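See below for query_13.txt, which holds compact mmCIF, C-alpha atoms.
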```txt
# COMPACT_ATOMS: atom_id res chain seq x y z
CA MET S 965 40.41 20.56 -2.98
CA ILE S 966 40.99 17.26 -1.14
CA LEU S 967 39.53 18.77 2.03
CA VAL S 968 36.38 19.88 0.16
CA ALA S 969 35.98 16.42 -1.42
CA ALA S 970 36.40 14.73 1.98
CA LEU S 971 33.87 17.11 3.52
CA LEU S 972 31.33 16.37 0.76
CA LEU S 973 31.90 12.64 1.23
CA VAL S 974 31.22 12.91 4.97
CA ILE S 975 28.10 15.01 4.41
CA GLY S 976 26.90 12.55 1.75
CA THR S 977 27.33 9.54 4.03
CA ILE S 978 25.27 11.26 6.69
CA ALA S 979 22.58 12.92 4.54
CA VAL S 980 21.77 10.18 2.01
CA PRO S 981 20.68 7.52 4.55
CA ARG S 982 18.56 10.10 6.36
CA MET S 983 16.89 11.16 3.10
CA VAL S 984 16.15 7.52 2.25
CA GLY S 985 14.71 7.01 5.74
CA VAL S 986 12.48 10.06 5.39
CA ASN S 987 11.15 8.82 2.03
CA LYS S 988 10.53 5.32 3.42
CA GLY S 989 8.75 6.78 6.44
CA ARG S 990 6.58 8.97 4.21
CA PHE S 991 5.66 5.93 2.09
CA MET S 992 4.72 3.91 5.19
CA THR S 993 2.65 6.80 6.57
CA THR S 994 0.86 7.25 3.24
CA THR S 995 0.17 3.52 2.95
CA GLU S 996 -1.27 3.42 6.47
CA GLY S 997 -3.38 6.50 5.74
CA VAL S 998 -4.86 4.92 2.61
CA ALA S 999 -5.50 1.71 4.59
CA SER S 1000 -7.33 3.81 7.22
CA ALA S 1001 -9.52 5.30 4.48
CA VAL S 1002 -10.27 1.78 3.21
CA ALA S 1003 -11.12 0.73 6.78
CA ALA S 1004 -13.50 3.70 7.09
CA PHE S 1005 -15.12 2.65 3.79
CA ALA S 1006 -15.61 -0.92 5.12
CA PHE S 1007 -16.95 0.31 8.47
CA GLN S 1008 -19.36 2.79 6.88
CA GLU S 1009 -20.62 0.11 4.49
CA ALA S 1010 -21.24 -2.29 7.37
CA THR S 1011 -22.93 0.16 9.74
CA ASP S 1012 -24.79 2.73 7.65
CA GLU S 1013 -27.86 2.54 5.45
CA ARG S 1014 -26.48 4.93 2.85
CA VAL S 1015 -24.48 4.07 -0.23
CA VAL S 1016 -20.77 4.53 0.45
CA ALA S 1017 -17.82 4.93 -1.92
CA ILE S 1018 -14.07 5.34 -1.93
CA ALA S 1019 -12.43 7.27 -4.73
CA HIS S 1020 -9.17 8.72 -6.01
CA LEU S 1021 -8.69 11.49 -8.55
CA GLU S 1022 -5.24 12.20 -9.96
CA SER S 1023 -6.19 15.86 -10.45
CA ASN S 1024 -6.45 16.48 -6.69
CA GLY S 1025 -4.22 13.62 -5.49
CA ARG S 1026 -6.67 12.64 -2.77
CA VAL S 1027 -8.32 9.46 -1.55
CA ASP S 1028 -11.82 10.24 -0.26
CA VAL S 1029 -14.50 8.20 1.46
CA LEU S 1030 -17.90 9.45 0.31
CA VAL S 1031 -21.53 8.85 1.24
CA LEU S 1032 -24.51 9.42 -1.02
CA GLY S 1033 -26.73 12.11 0.46
CA GLU S 1034 -30.50 12.35 0.22
CA ASP S 1035 -30.03 15.04 -2.42
CA GLY S 1036 -28.22 12.55 -4.68
CA GLU S 1037 -24.84 14.25 -4.15
CA TRP S 1038 -21.67 12.50 -2.97
CA ASN S 1039 -20.49 14.07 0.29
CA PRO S 1040 -17.20 13.44 2.10
CA MET S 1041 -17.56 11.22 5.15
CA THR S 1042 -16.88 13.51 8.10
CA MET S 1043 -15.10 10.86 10.20
CA ALA S 1044 -12.69 9.97 7.35
CA PRO S 1045 -10.53 12.91 6.29
CA SER S 1046 -9.09 12.94 2.78
CA ILE S 1047 -5.70 11.34 2.32
CA ILE S 1048 -3.43 13.41 0.10
CA LEU S 1049 -0.84 11.36 -1.77
CA PRO S 1050 2.66 12.84 -2.08
CA GLU S 1051 3.68 13.43 -5.69
CA ASP S 1052 6.22 10.58 -5.63
CA ILE S 1053 3.68 7.96 -4.47
CA VAL S 1054 1.10 6.64 -6.94
CA PHE S 1055 -1.43 3.88 -7.38
CA THR S 1056 -0.11 1.47 -10.02
CA ARG S 1057 -2.88 -1.14 -9.90
CA VAL S 1058 -6.47 -0.97 -8.63
CA THR S 1059 -9.02 -3.79 -8.87
CA ALA S 1060 -12.58 -4.11 -7.64
CA ASP S 1061 -14.00 -7.65 -7.75
CA GLY S 1062 -11.17 -8.57 -10.11
CA ALA S 1063 -11.98 -5.82 -12.63
CA LEU S 1064 -8.99 -3.62 -13.42
CA LEU S 1065 -9.66 0.09 -12.88
CA ASP S 1066 -7.67 3.10 -14.06
CA PRO S 1067 -5.16 3.61 -11.22
CA ARG S 1068 -5.11 7.38 -11.80
CA ASP S 1069 -8.87 7.95 -11.39
CA TRP S 1070 -11.09 5.35 -9.75
CA PHE S 1071 -14.37 5.16 -7.88
CA VAL S 1072 -15.72 2.11 -6.01
CA SER S 1073 -19.13 2.14 -4.32
CA SER S 1074 -21.07 -0.35 -2.24
CA LEU S 1075 -24.72 -0.69 -1.33
CA PRO S 1076 -25.54 -1.18 2.33
CA GLY S 1077 -26.32 -4.77 3.15
CA GLY S 1078 -25.01 -5.86 -0.25
CA LYS S 1079 -21.85 -7.69 -1.12
CA ARG S 1080 -18.98 -5.29 -0.62
CA PRO S 1081 -16.53 -5.39 -3.54
CA ASP S 1082 -13.16 -7.10 -3.15
CA LEU S 1083 -10.82 -4.10 -3.31
CA ARG S 1084 -7.08 -4.36 -4.03
CA LEU S 1085 -4.89 -1.28 -4.26
CA ARG S 1086 -1.20 -1.22 -5.22
CA LEU S 1087 0.89 1.77 -4.10
CA GLU S 1088 4.45 2.41 -5.27
CA SER S 1089 6.96 5.19 -4.71
CA GLU S 1090 9.66 6.58 -6.94
CA GLY S 1091 12.12 5.29 -4.33
CA GLY S 1092 11.19 1.69 -5.09
CA GLU S 1093 8.92 0.95 -2.11
CA GLY S 1094 5.70 -0.91 -2.81
CA ALA S 1095 2.71 -2.25 -0.91
CA ASP S 1096 -0.68 -3.79 -1.55
CA ILE S 1097 -3.75 -2.82 0.46
CA VAL S 1098 -6.31 -5.62 0.32
CA LEU S 1099 -9.92 -5.45 1.49
CA THR S 1100 -11.65 -8.74 0.75
CA SER S 1101 -15.41 -8.73 0.37
CA HIS S 1102 -15.72 -10.81 3.54
CA GLY S 1103 -12.92 -9.14 5.55
CA LEU S 1104 -13.45 -6.92 8.56
CA GLY S 1105 -10.79 -4.48 7.46
CA PRO S 1106 -7.90 -4.01 5.07
CA GLN S 1107 -4.55 -5.73 5.24
CA ILE S 1108 -1.27 -4.16 4.15
CA VAL S 1109 1.21 -6.40 2.37
CA ARG S 1110 4.54 -4.58 2.02
CA ASP S 1111 7.10 -5.69 -0.57
CA GLY S 1112 9.82 -7.84 0.96
CA ASP S 1113 8.09 -8.18 4.34
CA PRO S 1114 8.94 -11.66 5.67
CA THR S 1115 6.05 -11.46 8.15
CA ALA S 1116 3.43 -10.26 5.64
CA PRO S 1117 -0.12 -11.23 6.53
CA THR S 1118 -1.78 -14.06 4.64
CA ILE S 1119 -4.79 -12.93 2.63
CA ARG S 1120 -7.60 -15.35 3.34
CA GLU S 1121 -9.69 -15.94 0.26
CA PRO S 1122 -13.32 -17.05 0.66
CA ALA S 1123 -13.94 -20.77 0.41
CA ASP S 1124 -17.12 -22.55 -0.69
CA LEU S 1125 -17.51 -25.32 1.88
CA ASP S 1126 -20.06 -27.15 -0.27
CA GLU S 1127 -17.68 -27.13 -3.21
CA MET S 1128 -14.88 -28.43 -0.99
CA GLY S 1129 -17.06 -31.31 0.17
CA ALA S 1130 -17.30 -29.99 3.73
CA ASP S 1131 -21.11 -30.18 3.55
CA ARG S 1132 -20.77 -33.94 3.88
CA GLU S 1133 -18.68 -33.80 7.05
CA SER S 1134 -20.27 -34.26 10.44
CA TRP S 1135 -19.88 -31.20 12.59
```
Go ahead and express the file in the form of structure tokens.
Amino acid sequence: MILVAALLLVIGTIAVPRMVGVNKGRFMTTTEGVASAVAAFAFQEATDERVVAIAHLESNGRVDVLVLGEDGEWNPMTMAPSIILPEDIVFTRVTADGALLDPRDWFVSSLPGGKRPDLRLRLESEGGEGADIVLTSHGLGPQIVRDGDPTAPTIREPADLDEMGADRESW
């Protein structure tokens, strides 16, 4: 009995850290995949003349980048494959231009040449990992801010130079 308990203890000390590492790696991969989809959304919006959107439906667990076709139908962007979220990773907060959206089912579109919405997505896993994916309306691409990251990027918010008094400075 003691031998069996010792064997289970040894197996537990080896297996548990590996399982935690696998889950953390899956969360990081998923977060980077969603950030890639957001980057494709930003790129498509900046370079195409069609209306573009990014969406998530809880029923299929996917994040899709879509373009509005001439027939009025939303079609998946061919260069941005769907990102399928694992069951233990969910969106817990989604905002577009500060408006709170349903994190289970959301859809954000942007007109070409218009002001792209400020998009902020919060992902969390059952294992306790969390990260924010931020695409500012003026940013070139998304930034990932992971919980507890001491070297997390600073999100630069837009500044009105006239309001700050910079219009009176000599350049």
(message) Restricting the calculation to all atoms listed in the file: of S:Ile1047, S:Leu1104, S:Pro1067, S:Asp1052, which residue gets closest to Gly1091 of chain S?
(response)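 When distances to Gly1091 of chain S are compared using all atoms listed in the file, the smallest one comes from S:Asp1052.
The spacing separating atom CA of Arg1080 of chain S from atom CA of Val1027 of chain S amounts to 18.2 Å.
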(request) Give me, please, the distance in Å between atom CA of Leu1075 of chain S and atom CA of Thr1011 of chain S, quoted to one decimal. (result) 11.2 Å
(message) Let me make sure I understand: among S:Ala1017, S:Ile966, S:Ala999, S:Ile1053, which one has the smallest atom-to-atom distance to Asn1039 of chain S if we use only C-alpha atoms?
(response)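 Going through S:Ala1017, S:Ile966, S:Ala999, S:Ile1053 one by one, the smallest distance to Asn1039 of chain S is for S:Ala1017.
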(message) Quick check, in Å to one decimal: how far apart do atom CA of Phe991 of chain S and atom CA of Phe1071 of chain S lie?
(response)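 One can read the atom CA of Phe991 of chain S to atom CA of Phe1071 of chain S distance as 22.4 Å.
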(request) Would you list the contacts of Gln1107 of chain S as JSON, numbers by chain, taking every protein, DNA or RNA residue within 10 Å and counting all atoms listed in the file, but skipping same-chain residues closer than 3 positions in sequence? (result) {"S": [996, 999, 1002, 1003, 1084, 1096, 1097, 1098, 1099, 1100, 1103, 1104, 1110, 1116, 1117, 1118, 1119]}
Go ahead and find all residues with at least one atom no further than 6 Å from (0.8, 4.8, -5.7) in the file's coordinates, using all atoms listed in the file; report them as a compact mmCIF listing (two decimals) with C-alpha atoms, in the frame of the given file.
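Full text of result_36.txt as output:
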```
# COMPACT_ATOMS: atom_id res chain seq x y z
CA ILE S 1053 3.68 7.96 -4.47
CA VAL S 1054 1.10 6.64 -6.94
CA PHE S 1055 -1.43 3.88 -7.38
CA THR S 1056 -0.11 1.47 -10.02
CA LEU S 1087 0.89 1.77 -4.10
CA GLU S 1088 4.45 2.41 -5.27
```
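Nearest to Thr1042 of chain S of all the residues S:Leu1021, S:Gly1112, S:Arg1057, S:Ala1001 is S:Ala1001, counting all atoms listed in the file.
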(request) Using all atoms listed in the file, determine which residues lie at most 8 Å from Val1058 of chain S, disregarding the query and same-chain residues fewer than 5 positions distant; provide the list as a list in words. (result)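 Once the adjacent positions are removed, what remains is Leu1064, Leu1065, Asp1066, Pro1067, Trp1070, Leu1083, Arg1084, Leu1085 and Arg1086 of chain S.
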(message) If we draw a sphere of 10 Å around (-20.4, -10.1, -1.4), which residues have at least one atom in it when counting only C-alpha atoms? Please report them as a list in words.
(response)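 Here the neighbourhood of the point contains Asp1061, Ser1074, Gly1077, Gly1078, Lys1079, Arg1080, Pro1081, Asp1082, Thr1100, Ser1101 and His1102 of chain S.
Considering the residues S:Arg1068, S:Ser1073, S:Gly997, S:Leu1049 and counting all atoms listed in the file, Val1031 of chain S has its shortest atom-to-atom contact with S:Ser1073.
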(message) Which residues are near Gly1033 of chain S? Cut-off 10 Å, all atoms listed in the file, ignore same chain within fewer than 5 positions. Put them as a PyMOL selection string.
(response) chain S and resi 1014-1016+1038-1040
